[in-house]
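Enquirer: Structure file start-v3.pdb, PDB, C-alpha atoms, is pasted below:
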ATOM      1  CA  MET H   1     133.896  20.952  72.827
ATOM      2  CA  GLN H   2     133.544  20.324  69.089
ATOM      3  CA  ILE H   3     135.658  22.210  66.533
ATOM      4  CA  SER H   4     135.594  22.032  62.735
ATOM      5  CA  PRO H   5     138.765  21.278  60.748
ATOM      6  CA  SER H   6     140.381  23.557  58.196
ATOM      7  CA  ILE H   7     138.821  23.679  54.728
ATOM      8  CA  ALA H   8     141.757  21.706  53.287
ATOM      9  CA  LEU H   9     141.137  18.814  55.691
ATOM     10  CA  SER H  10     137.343  18.965  55.814
ATOM     11  CA  VAL H  11     137.150  16.272  53.109
ATOM     12  CA  PHE H  12     138.810  13.821  55.515
ATOM     13  CA  ILE H  13     137.972  15.080  59.014
ATOM     14  CA  LYS H  14     134.462  15.690  60.304
ATOM     15  CA  HIS H  15     135.444  17.495  63.507
ATOM     16  CA  TYR H  16     137.684  17.524  66.560
ATOM     17  CA  LEU H  17     136.278  16.699  70.004
ATOM     18  CA  PHE H  18     137.846  17.734  73.307
ATOM     19  CA  LEU H  19     136.444  15.895  76.324
ATOM     20  CA  ASP H  20     137.482  16.424  79.947
ATOM     21  CA  THR H  21     136.364  14.979  83.263
ATOM     22  CA  GLN H  22     137.899  15.527  86.697
ATOM     23  CA  ASN H  23     135.717  13.099  88.626
ATOM     24  CA  GLN H  24     138.087  10.815  90.545
ATOM     25  CA  GLU H  25     135.805   7.787  90.400
ATOM     26  CA  ILE H  26     136.175   5.062  87.778
ATOM     27  CA  LYS H  27     133.854   5.918  84.889
ATOM     28  CA  LYS H  28     132.494   3.652  82.189
ATOM     29  CA  LEU H  29     132.259   5.063  78.670
ATOM     30  CA  ARG H  30     129.911   3.497  76.129
ATOM     31  CA  LEU H  31     131.199   3.848  72.557
ATOM     32  CA  PHE H  32     128.895   2.873  69.688
ATOM     33  CA  SER H  33     128.979   3.265  65.952
ATOM     34  CA  ASP H  34     128.042   6.456  64.162
ATOM     35  CA  GLY H  35     129.516   5.336  60.816
ATOM     36  CA  ASN H  36     132.735   7.293  61.375
ATOM     37  CA  THR H  37     136.195   6.291  62.563
ATOM     38  CA  GLY H  38     138.581   8.213  64.764
ATOM     39  CA  MET H  39     141.925   8.910  66.364
ATOM     40  CA  VAL H  40     142.109   9.317  70.158
ATOM     41  CA  PHE H  41     144.757  11.073  72.247
ATOM     42  CA  SER H  42     144.799  10.698  76.049
ATOM     43  CA  PHE H  43     146.667  13.534  77.737
ATOM     44  CA  ARG H  44     146.300  12.476  81.370
ATOM     45  CA  ASN H  45     145.193   9.068  82.571
ATOM     46  CA  ARG H  46     144.918   6.569  79.733
ATOM     47  CA  LEU H  47     141.674   4.879  78.804
ATOM     48  CA  ILE H  48     141.169   1.290  79.966
ATOM     49  CA  SER H  49     139.675  -1.341  77.660
ATOM     50  CA  LYS H  50     139.110  -4.002  80.316
ATOM     51  CA  LEU H  51     138.594  -3.672  84.035
ATOM     52  CA  GLY H  52     137.513  -6.095  86.732
ATOM     53  CA  GLY H  53     138.495  -9.015  88.895
ATOM     54  CA  LEU H  54     142.054  -9.491  90.070
ATOM     55  CA  GLU H  55     143.648  -8.805  86.695
ATOM     56  CA  LYS H  56     145.585  -5.621  86.061
ATOM     57  CA  PRO H  57     143.716  -3.000  84.020
ATOM     58  CA  ASP H  58     144.196  -3.339  80.268
ATOM     59  CA  TYR H  59     145.292   0.160  79.283
ATOM     60  CA  LEU H  60     144.839   1.448  75.750
ATOM     61  CA  PRO H  61     147.758   3.242  74.067
ATOM     62  CA  PRO H  62     148.032   6.988  74.796
ATOM     63  CA  ALA H  63     147.242   7.581  71.120
ATOM     64  CA  PHE H  64     145.336   5.175  68.882
ATOM     65  CA  ILE H  65     143.122   4.865  65.817
ATOM     66  CA  TYR H  66     139.823   3.014  66.006
ATOM     67  CA  GLY H  67     137.931   1.541  63.060
ATOM     68  CA  GLN H  68     134.252   0.814  62.511
ATOM     69  CA  LEU H  69     132.512  -0.882  65.417
ATOM     70  CA  ASN H  70     130.385  -3.952  64.808
ATOM     71  CA  SER H  71     128.917  -3.608  68.295
ATOM     72  CA  PHE H  72     129.019  -1.178  71.188
ATOM     73  CA  ARG H  73     132.147  -1.167  73.330
ATOM     74  CA  ASP H  74     132.776  -0.137  76.920
ATOM     75  CA  LEU H  75     135.898   1.780  77.915
ATOM     76  CA  TYR H  76     136.877   3.044  81.350
ATOM     77  CA  CYS H  77     138.710   6.045  82.730
ATOM     78  CA  GLU H  78     139.963   6.762  86.220
ATOM     79  CA  GLY H  79     140.724  10.150  87.726
ATOM     80  CA  ASP H  80     141.436  13.199  85.597
ATOM     81  CA  THR H  81     140.825  12.428  81.939
ATOM     82  CA  SER H  82     141.534  14.716  79.013
ATOM     83  CA  LEU H  83     140.859  13.432  75.495
ATOM     84  CA  MET H  84     141.260  14.796  71.996
ATOM     85  CA  ILE H  85     139.333  12.814  69.394
ATOM     86  CA  VAL H  86     139.766  13.353  65.668
ATOM     87  CA  VAL H  87     136.529  12.144  64.077
ATOM     88  CA  PHE H  88     136.998  11.201  60.425
ATOM     89  CA  HIS H  89     134.358  11.032  57.724
ATOM     90  CA  PRO H  90     133.301   7.438  56.926
ATOM     91  CA  ASN H  91     135.959   7.085  54.198
ATOM     92  CA  GLY H  92     138.393   9.679  55.568
ATOM     93  CA  LEU H  93     140.904   7.226  57.011
ATOM     94  CA  ASN H  94     140.929   5.154  53.852
ATOM     95  CA  ASN H  95     141.808   8.269  51.869
ATOM     96  CA  LEU H  96     144.519   9.366  54.283
ATOM     97  CA  LEU H  97     146.149   5.999  54.964
ATOM     98  CA  SER H  98     145.445   4.041  51.774
ATOM     99  CA  VAL H  99     144.613   1.081  54.044
ATOM    100  CA  PRO H 100     141.455  -1.008  53.449
ATOM    101  CA  SER H 101     139.036   0.239  56.101
ATOM    102  CA  VAL H 102     137.718  -3.250  56.864
ATOM    103  CA  GLU H 103     141.156  -4.139  58.286
ATOM    104  CA  LEU H 104     140.604  -1.562  61.045
ATOM    105  CA  ASN H 105     137.160  -2.831  62.110
ATOM    106  CA  ASP H 106     136.833  -3.405  65.868
ATOM    107  CA  HIS H 107     140.518  -2.555  66.396
ATOM    108  CA  CYS H 108     142.317   0.102  68.403
ATOM    109  CA  ILE H 109     145.754   0.473  66.795
ATOM    110  CA  ALA H 110     148.519   2.436  68.506
ATOM    111  CA  LEU H 111     149.566   5.483  66.532
ATOM    112  CA  LYS H 112     153.223   4.505  66.849
ATOM    113  CA  ASP H 113     152.450   1.124  65.222
ATOM    114  CA  LEU H 114     151.071   2.887  62.151
ATOM    115  CA  PHE H 115     153.447   5.852  61.933
ATOM    116  CA  GLY H 116     156.494   4.890  64.020
ATOM    117  CA  ASP H 117     158.433   7.797  65.476
ATOM    118  CA  LEU H 118     156.208  10.331  63.678
ATOM    119  CA  GLY H 119     153.197   9.087  65.639
ATOM    120  CA  ALA H 120     155.078   9.066  68.948
ATOM    121  CA  THR H 121     156.364  12.588  68.309
ATOM    122  CA  LEU H 122     152.882  13.882  67.528
ATOM    123  CA  GLN H 123     151.550  12.426  70.787
ATOM    124  CA  GLU H 124     154.368  14.051  72.784
ATOM    125  CA  ARG H 125     153.931  17.450  71.159
ATOM    126  CA  LEU H 126     150.161  17.409  71.634
ATOM    127  CA  THR H 127     150.581  16.483  75.307
ATOM    128  CA  ASP H 128     153.079  19.318  75.861
ATOM    129  CA  SER H 129     150.866  21.860  74.080
ATOM    130  CA  LEU H 130     148.627  23.793  76.465
ATOM    131  CA  SER H 131     146.054  25.346  74.134
ATOM    132  CA  ILE H 132     143.402  23.707  71.980
ATOM    133  CA  THR H 133     144.387  25.958  69.072
ATOM    134  CA  ASP H 134     147.973  24.687  69.188
ATOM    135  CA  LYS H 135     146.828  21.074  69.437
ATOM    136  CA  ILE H 136     144.678  21.438  66.310
ATOM    137  CA  ARG H 137     147.513  23.158  64.455
ATOM    138  CA  LEU H 138     149.903  20.316  65.291
ATOM    139  CA  ALA H 139     147.376  17.686  64.235
ATOM    140  CA  GLU H 140     146.587  19.446  60.976
ATOM    141  CA  ASP H 141     150.280  19.773  60.115
ATOM    142  CA  PHE H 142     150.553  15.995  60.628
ATOM    143  CA  PHE H 143     147.519  15.215  58.462
ATOM    144  CA  GLY H 144     148.646  17.684  55.813
ATOM    145  CA  LYS H 145     151.819  15.652  55.319
ATOM    146  CA  LEU H 146     149.753  12.493  54.928
ATOM    147  CA  ILE H 147     147.748  14.138  52.145
ATOM    148  CA  THR H 148     150.971  15.042  50.370
ATOM    149  CA  ARG H 149     152.298  11.484  50.611
ATOM    150  CA  ASN H 150     149.033   9.650  49.944
ATOM    151  CA  GLN H 151     146.999  11.282  47.235
ATOM    152  CA  PRO H 152     143.398  10.043  47.668
ATOM    153  CA  SER H 153     142.145   7.613  45.062
ATOM    154  CA  SER H 154     138.919   8.295  43.197
ATOM    155  CA  GLN H 155     136.097   8.217  45.705
ATOM    156  CA  PHE H 156     133.272   9.501  43.524
ATOM    157  CA  LEU H 157     131.131   6.366  43.892
ATOM    158  CA  ILE H 158     131.445   6.276  47.689
ATOM    159  CA  ASN H 159     131.008  10.024  48.155
ATOM    160  CA  PHE H 160     127.912  10.118  45.945
ATOM    161  CA  SER H 161     126.430   7.053  47.669
ATOM    162  CA  LEU H 162     127.098   8.527  51.116
ATOM    163  CA  SER H 163     125.356  11.758  50.146
ATOM    164  CA  GLN H 164     122.314   9.818  48.878
ATOM    165  CA  ILE H 165     122.081   7.731  52.061
ATOM    166  CA  ILE H 166     122.471  10.733  54.352
ATOM    167  CA  GLN H 167     119.988  12.871  52.407
ATOM    168  CA  SER H 168     117.434  10.053  52.611
ATOM    169  CA  LYS H 169     118.120   9.775  56.381
ATOM    170  CA  GLY H 170     119.136   6.149  55.916
ATOM    171  CA  LEU H 171     115.868   5.152  54.241
ATOM    172  CA  MET H 172     117.082   4.638  50.651
ATOM    173  CA  PRO H 173     117.060   0.899  49.781
ATOM    174  CA  VAL H 174     120.276  -0.539  48.363
ATOM    175  CA  SER H 175     118.352  -1.459  45.203
ATOM    176  CA  LYS H 176     117.514   2.215  44.683
ATOM    177  CA  LEU H 177     121.124   3.160  45.380
ATOM    178  CA  THR H 178     122.339   0.837  42.640
ATOM    179  CA  ASP H 179     119.848   2.449  40.246
ATOM    180  CA  VAL H 180     121.068   5.996  40.887
ATOM    181  CA  THR H 181     124.767   5.041  40.862
ATOM    182  CA  GLY H 182     124.507   2.755  37.837
ATOM    183  CA  CYS H 183     126.594  -0.005  39.408
ATOM    184  CA  THR H 184     125.810  -3.475  40.674
ATOM    185  CA  GLU H 185     125.063  -4.197  44.317
ATOM    186  CA  ARG H 186     128.191  -6.345  44.508
ATOM    187  CA  LYS H 187     130.435  -3.552  43.201
ATOM    188  CA  LEU H 188     128.857  -1.033  45.556
ATOM    189  CA  GLU H 189     129.324  -3.308  48.570
ATOM    190  CA  ARG H 190     132.972  -3.954  47.682
ATOM    191  CA  ALA H 191     133.592  -0.212  47.454
ATOM    192  CA  PHE H 192     131.978   0.384  50.854
ATOM    193  CA  ILE H 193     133.854  -2.466  52.559
ATOM    194  CA  GLU H 194     137.151  -1.180  51.135
ATOM    195  CA  GLY H 195     136.560   2.526  51.753
ATOM    196  CA  ILE H 196     134.365   2.570  54.875
ATOM    197  CA  GLY H 197     134.620  -0.889  56.420
ATOM    198  CA  ILE H 198     130.905  -1.744  56.432
ATOM    199  CA  SER H 199     128.219  -2.452  53.831
ATOM    200  CA  PRO H 200     125.824   0.185  52.423
ATOM    201  CA  LYS H 201     122.936  -1.512  54.248
ATOM    202  CA  ARG H 202     124.678  -1.356  57.613
ATOM    203  CA  PHE H 203     125.754   2.233  57.068
ATOM    204  CA  SER H 204     122.148   3.142  56.237
ATOM    205  CA  SER H 205     120.976   1.496  59.470
ATOM    206  CA  ILE H 206     123.471   3.557  61.476
ATOM    207  CA  VAL H 207     122.372   6.782  59.772
ATOM    208  CA  LYS H 208     118.732   5.953  60.544
ATOM    209  CA  LEU H 209     119.608   5.276  64.178
ATOM    210  CA  HIS H 210     121.286   8.644  64.578
ATOM    211  CA  VAL H 211     118.373  10.413  62.908
ATOM    212  CA  PHE H 212     116.193   8.827  65.585
ATOM    213  CA  LEU H 213     118.655   9.857  68.328
ATOM    214  CA  LYS H 214     118.542  13.466  67.167
ATOM    215  CA  GLN H 215     114.740  13.453  67.143
ATOM    216  CA  LEU H 216     114.651  11.704  70.506
ATOM    217  CA  ARG H 217     116.850  14.335  72.140
ATOM    218  CA  SER H 218     114.851  17.215  70.677
ATOM    219  CA  LYS H 219     111.394  15.766  71.456
ATOM    220  CA  SER H 220     112.075  13.739  74.580
ATOM    221  CA  VAL H 221     109.882  15.878  76.815
ATOM    222  CA  THR H 222     106.711  15.822  74.734
ATOM    223  CA  GLY H 223     107.266  13.265  71.984
ATOM    224  CA  ASN H 224     105.784   9.774  71.872
ATOM    225  CA  LEU H 225     108.478   7.114  71.405
ATOM    226  CA  THR H 226     106.469   5.201  68.786
ATOM    227  CA  GLU H 227     105.732   8.366  66.801
ATOM    228  CA  ILE H 228     109.367   9.483  66.883
ATOM    229  CA  GLY H 229     110.483   6.023  65.783
ATOM    230  CA  TYR H 230     107.972   5.970  62.946
ATOM    231  CA  GLU H 231     109.193   9.387  61.743
ATOM    232  CA  ALA H 232     112.732   7.981  61.651
ATOM    233  CA  GLY H 233     111.661   4.945  59.613
ATOM    234  CA  TYR H 234     111.085   2.256  62.257
ATOM    235  CA  TYR H 235     107.830   0.459  61.487
ATOM    236  CA  ASP H 236     106.992  -0.499  65.074
ATOM    237  CA  GLN H 237     108.293  -0.062  68.615
ATOM    238  CA  PRO H 238     109.703  -3.612  69.070
ATOM    239  CA  HIS H 239     111.721  -3.167  65.867
ATOM    240  CA  LEU H 240     112.985   0.196  67.113
ATOM    241  CA  ILE H 241     113.999  -1.106  70.541
ATOM    242  CA  ARG H 242     115.672  -4.177  69.048
ATOM    243  CA  GLU H 243     117.761  -2.112  66.601
ATOM    244  CA  PHE H 244     118.555   0.537  69.206
ATOM    245  CA  LYS H 245     119.788  -2.019  71.726
ATOM    246  CA  LYS H 246     121.805  -3.898  69.104
ATOM    247  CA  TYR H 247     123.895  -0.819  68.364
ATOM    248  CA  THR H 248     124.028   0.888  71.768
ATOM    249  CA  GLY H 249     123.415  -1.831  74.346
ATOM    250  CA  LEU H 250     120.748   0.456  75.833
ATOM    251  CA  THR H 251     117.023   0.931  75.418
ATOM    252  CA  PRO H 252     115.814   4.390  74.286
ATOM    253  CA  GLY H 253     114.585   4.984  77.845
ATOM    254  CA  GLN H 254     117.993   4.148  79.328
ATOM    255  CA  TYR H 255     119.637   6.445  76.804
ATOM    256  CA  LEU H 256     117.380   9.340  77.804
ATOM    257  CA  ARG H 257     118.059   8.770  81.497
ATOM    258  CA  ASN H 258     121.800   9.157  80.888
ATOM    259  CA  ASN H 259     122.480  12.634  82.252
ATOM    260  CA  ASN H 260     126.153  12.933  81.366
ATOM    261  CA  PRO H 261     126.744  12.335  77.651
ATOM    262  CA  LEU H 262     130.335  13.127  76.687
ATOM    263  CA  ALA H 263     129.441  13.007  72.994
ATOM    264  CA  ILE H 264     126.657  11.756  70.770
ATOM    265  CA  ASN H 265     128.208   8.290  70.622
ATOM    266  CA  PHE H 266     130.568   8.441  73.586
ATOM    267  CA  LEU H 267     128.472   8.162  76.726
ATOM    268  CA  LEU H 268     129.336   8.330  80.394
ATOM    269  CA  THR H 269     127.092   5.465  81.509
ATOM    270  CA  SER H 270     128.113   5.014  85.116
TER     271      SER H 270
END
Could you express the structure from this file as structure tokens?

Expert:
Amino acid sequence: MQISPSIALSVFIKHYLFLDTQNQEIKKLRLFSDGNTGMVFSFRNRLISKLGGLEKPDYLPPAFIYGQLNSFRDLYCEGDTSLMIVVFHPNGLNNLLSVPSVELNDHCIALKDLFGDLGATLQERLTDSLSITDKIRLAEDFFGKLITRNQPSSQFLINFSLSQIIQSKGLMPVSKLTDVTGCTERKLERAFIEGIGISPKRFSSIVKLHVFLKQLRSKSVTGNLTEIGYEAGYYDQPHLIREFKKYTGLTPGQYLRNNNPLAINFLLTS
């Protein structure tokens, strides 16, 4: 289930996701980049970051923040799993936390390590709350206090650049972006690394990938893979497959054969 945030928080938060599975088998979840970051709450069994061999499972914290992913990542869950995921806009966490986004890349940081007792209390109250409405209210009260304490810095350059990249479906060259923003490529890249955690070029590649994913899902029955890729800006099929596998660890065909997606970028792969 996907739910939009309040108007006051819509600048920072893209949406809330609620994901549940009651299958008792061990499940592997494939997480790959969509250009956003997030905060995850596990209300039943905790997610596992590493599983296998004779070692004990490496459990993730019951509540954690994840930054930009430089590659896909596999997580595992066992038994009943109930997750609440707060999906932030690309620069939403930077605005809320006033922490350079690049420092969060490829990390899962326990909420209590960032917010101390406030983070632990939020996790407990969310777990005790029975309704989705109450969970969102509790989360938004928490984020509202962050806004009060950490007034966002000027983000005009990043916000304008993001809108240009998204409107062009990831096809605007960085050289064109510097022309329309009036700043140098170096300044633009520094702003993206600080505010989002990745470069404008990489963010554009992720946007293009997800444009292709949307087209693939809507045309999978009748569409030709090469034609769909070309529409999304991939100049040939080998290029498409190479980029797709780099980000997701799957081929487009494997992605389509996945019958149990938990979210666009959070896939139940086995």

Enquirer: Taking the file above as input, evaluate the PyMOL selection byres ((chain H and resi 157) around 12) and report the hits as a ChimeraX atom specification.

Expert: /H:91,153-156,158-164,177-178,180-184,187-192,195,200

Enquirer: With a cut-off of 10 Å, could you pull out the residues of segment 9-51 of chain H touching segment 210-218 of chain H and give me the nearest pair of atoms for each, distance in Å to one decimal, using all atoms listed in the file, ordered by chain and ascending number, as a tab-separated table?

Expert:
residue	atom	partner	partner_atom	distance
H:Ser33	CA	H:His210	CA	9.5
H:Asp34	CA	H:His210	CA	7.1
H:Gly35	CA	H:His210	CA	9.6

Enquirer: Just the residues within 6 Å of Ala110 of chain H, please, counting all atoms listed in the file, with nothing from its chain fewer than 2 positions along; format it as an NGL selection string.

Expert: :H and (61 or 63-64 or 112-113)

Enquirer: Which polymer residues have any atom within 9 Å of an atom of Thr37 of chain H, counting only C-alpha atoms, with same-chain residues fewer than 4 positions away left out, as a CSV table (one decimal) with C-alpha atoms, keeping the file's coordinate frame?

Expert:
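part.csv, freshly written:
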chain,number,residue,atom,x,y,z
H,33,SER,CA,129.0,3.3,66.0
H,65,ILE,CA,143.1,4.9,65.8
H,66,TYR,CA,139.8,3.0,66.0
H,67,GLY,CA,137.9,1.5,63.1
H,68,GLN,CA,134.3,0.8,62.5
H,69,LEU,CA,132.5,-0.9,65.4
H,86,VAL,CA,139.8,13.4,65.7
H,87,VAL,CA,136.5,12.1,64.1
H,88,PHE,CA,137.0,11.2,60.4
H,89,HIS,CA,134.4,11.0,57.7
H,90,PRO,CA,133.3,7.4,56.9
H,91,ASN,CA,136.0,7.1,54.2
H,92,GLY,CA,138.4,9.7,55.6
H,93,LEU,CA,140.9,7.2,57.0
H,196,ILE,CA,134.4,2.6,54.9

Enquirer: Evaluate the PyMOL selection byres ((chain H and resi 16) around 6) on the structure here and hand back the selected residues as an mmCIF file with C-alpha atoms, keeping the file's coordinate frame.

Expert:
data_model
loop_
_atom_site.group_PDB
_atom_site.id
_atom_site.type_symbol
_atom_site.label_atom_id
_atom_site.label_comp_id
_atom_site.auth_asym_id
_atom_site.auth_seq_id
_atom_site.Cartn_x
_atom_site.Cartn_y
_atom_site.Cartn_z
ATOM 1 C CA GLN H 2 133.544 20.324 69.089
ATOM 2 C CA ILE H 3 135.658 22.210 66.533
ATOM 3 C CA HIS H 15 135.444 17.495 63.507
ATOM 4 C CA LEU H 17 136.278 16.699 70.004
ATOM 5 C CA ILE H 85 139.333 12.814 69.394
ATOM 6 C CA VAL H 86 139.766 13.353 65.668
#

Enquirer: Show which residues sit within 12 Å of Gly144 of chain H, as a list in words. Count all atoms listed in the file, and ignore same-chain residues fewer than 4 positions away.

Expert: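 Returned residues: Pro5, Ser6, Ile7, Ala8, Leu9, Ser10, Val11, Phe12, Ile13, Leu96, Leu97, Ile136, Arg137, Leu138, Ala139, Glu140, Thr148, Arg149, Asn150 and Gln151 of chain H.
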